[in-house]
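Report on the structure given below.
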Amino acid sequence: PPDGAEVEAAGGILTARVRDGEPPFSWMVNGAPLAIGERDRETQLSLGANGFYRLSVIDAKGQSAAVSITLR
C-alpha cells in the first residue's frame, strides 16, 4: 500500500507488493522481522489487530523502502 494509506484487511492479513529490487525480500513490521527470504514480489502479512503499522522491505542488495499505514 502507499504511504499513509488506510486499509481494510480481512482477519488482519494484508497483501503487500514490492515493485523494484532484487529477491529475496525481507519484510519488517514495526521494526520486527515478519517474512524473511521471500522470493515472490507479493506476500501476505499477518498483522493482527487494527492500528498503525510501519511496513519495511529490504531486498538482496540491502536497498529498502518503508510506508506507514493504518489497518482498519
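Going through the C-alpha cells in order, the chains are called A, B, and so on, while each chain numbers its residues from 1 and the ligands are numbered from 1 in the order shown.
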**Prompt:** Could you write out, as JSON, numbers by chain, all the residues of chain A that DSSP marks as strand (DSSP E)?
**Reply:** {"A": [6, 7, 13, 14, 15, 16, 17, 25, 26, 27, 28, 29, 32, 33, 34, 35, 36, 37, 38, 42, 43, 44, 45, 46, 51, 52, 53, 54, 55, 56, 57, 58, 64, 65, 66, 67, 68, 69, 70, 71]}
Please provide the set of residues having any atom within 8 Å of Ser68 in chain A, restricted to only C-alpha atoms, with same-chain residues fewer than 2 positions apart removed, written as a CSV table (one decimal) with all heavy atoms, in the first residue's frame.
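Contents of around-v6.csv, as written:
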```csv
chain,number,residue,atom,x,y,z
A,3,ASP,N,2.2,5.0,1.1
A,3,ASP,CA,2.5,5.6,2.4
A,3,ASP,C,1.2,6.4,2.9
A,3,ASP,O,0.6,7.2,2.1
A,3,ASP,CB,3.7,6.6,2.4
A,3,ASP,CG,4.2,7.0,3.7
A,3,ASP,OD1,4.1,6.2,4.7
A,3,ASP,OD2,4.6,8.2,3.9
A,4,GLY,N,0.9,6.2,4.1
A,4,GLY,CA,-0.3,6.9,4.7
A,4,GLY,C,-1.6,6.3,4.4
A,4,GLY,O,-2.7,6.9,4.8
A,5,ALA,N,-1.7,5.2,3.8
A,5,ALA,CA,-2.9,4.5,3.4
A,5,ALA,C,-3.7,4.0,4.6
A,5,ALA,O,-3.1,3.6,5.6
A,5,ALA,CB,-2.7,3.4,2.4
A,52,PHE,N,-1.9,1.3,13.8
A,52,PHE,CA,-0.9,1.9,13.0
A,52,PHE,C,0.3,1.0,12.9
A,52,PHE,O,0.7,0.4,13.8
A,52,PHE,CB,-0.4,3.2,13.6
A,52,PHE,CG,-1.5,4.3,13.7
A,52,PHE,CD1,-2.1,4.5,14.9
A,52,PHE,CD2,-1.9,5.1,12.6
A,52,PHE,CE1,-3.1,5.4,15.1
A,52,PHE,CE2,-2.9,6.0,12.7
A,52,PHE,CZ,-3.5,6.2,14.0
A,53,TYR,N,0.8,0.9,11.6
A,53,TYR,CA,1.9,0.0,11.4
A,53,TYR,C,2.9,0.7,10.4
A,53,TYR,O,2.6,1.5,9.6
A,53,TYR,CB,1.5,-1.3,10.7
A,53,TYR,CG,0.6,-2.2,11.5
A,53,TYR,CD1,-0.7,-2.1,11.6
A,53,TYR,CD2,1.2,-3.1,12.4
A,53,TYR,CE1,-1.5,-2.9,12.4
A,53,TYR,CE2,0.5,-4.0,13.2
A,53,TYR,CZ,-0.9,-3.8,13.2
A,53,TYR,OH,-1.6,-4.6,14.0
A,54,ARG,N,4.2,0.3,10.6
A,54,ARG,CA,5.3,0.8,9.7
A,54,ARG,C,5.8,-0.5,9.0
A,54,ARG,O,6.3,-1.4,9.7
A,54,ARG,CB,6.4,1.4,10.5
A,54,ARG,CG,7.5,1.9,9.7
A,54,ARG,CD,7.2,3.2,9.1
A,54,ARG,NE,8.4,3.8,8.4
A,54,ARG,CZ,8.4,4.7,7.5
A,54,ARG,NH1,7.2,5.2,7.2
A,54,ARG,NH2,9.4,5.1,6.9
A,55,LEU,N,5.6,-0.6,7.7
A,55,LEU,CA,6.0,-1.7,6.9
A,55,LEU,C,7.3,-1.4,6.2
A,55,LEU,O,7.4,-0.3,5.6
A,55,LEU,CB,4.9,-2.1,5.9
A,55,LEU,CG,3.5,-2.4,6.4
A,55,LEU,CD1,2.6,-2.6,5.2
A,55,LEU,CD2,3.5,-3.5,7.3
A,66,ALA,N,9.9,1.9,2.9
A,66,ALA,CA,9.0,1.8,4.0
A,66,ALA,C,7.8,2.7,3.8
A,66,ALA,O,7.9,3.7,3.2
A,66,ALA,CB,9.8,2.2,5.3
A,70,THR,N,-2.5,2.6,8.3
A,70,THR,CA,-3.5,2.4,9.3
A,70,THR,C,-4.3,1.2,8.9
A,70,THR,O,-4.9,1.2,7.8
A,70,THR,CB,-4.4,3.6,9.5
A,70,THR,OG1,-3.6,4.7,9.9
A,70,THR,CG2,-5.4,3.4,10.7
```
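Around Ala65 in chain A, within 12 Å and counting only C-alpha atoms, the residues found are Pro1, Pro2, Asp3, Arg17, Val18, Arg19, Asp20, Gly21, Phe25, Ser26, Trp27, Met28, Arg54, Leu55, Ser56, Val57, Ile58 and Asp59 of chain A, once anything fewer than 5 positions away on its own chain is removed.
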Could you please take those selected residues and save C-alpha atoms as a PDB file, in the first residue's frame?
```
ATOM      1  CA  PRO A   1       0.000   0.000   0.000  1.00  0.00           C
ATOM      2  CA  PRO A   2       1.098   3.616  -0.461  1.00  0.00           C
ATOM      3  CA  ASP A   3       2.470   5.640   2.443  1.00  0.00           C
ATOM      4  CA  ARG A  17       3.738  -5.947  -3.020  1.00  0.00           C
ATOM      5  CA  VAL A  18       7.192  -4.755  -3.999  1.00  0.00           C
ATOM      6  CA  ARG A  19       7.809  -3.358  -7.485  1.00  0.00           C
ATOM      7  CA  ASP A  20      11.577  -2.899  -7.678  1.00  0.00           C
ATOM      8  CA  GLY A  21      14.548  -4.560  -6.061  1.00  0.00           C
ATOM      9  CA  PHE A  25      12.963  -9.836   0.185  1.00  0.00           C
ATOM     10  CA  SER A  26      12.699  -9.430   3.937  1.00  0.00           C
ATOM     11  CA  TRP A  27       9.553  -7.814   5.337  1.00  0.00           C
ATOM     12  CA  MET A  28       9.546  -5.986   8.670  1.00  0.00           C
ATOM     13  CA  ARG A  54       5.280   0.751   9.735  1.00  0.00           C
ATOM     14  CA  LEU A  55       5.993  -1.721   6.908  1.00  0.00           C
ATOM     15  CA  SER A  56       9.533  -2.053   5.552  1.00  0.00           C
ATOM     16  CA  VAL A  57      11.020  -4.264   2.882  1.00  0.00           C
ATOM     17  CA  ILE A  58      14.715  -4.952   2.271  1.00  0.00           C
ATOM     18  CA  ASP A  59      15.997  -6.608  -0.888  1.00  0.00           C
TER      19      ASP A  59
END
```
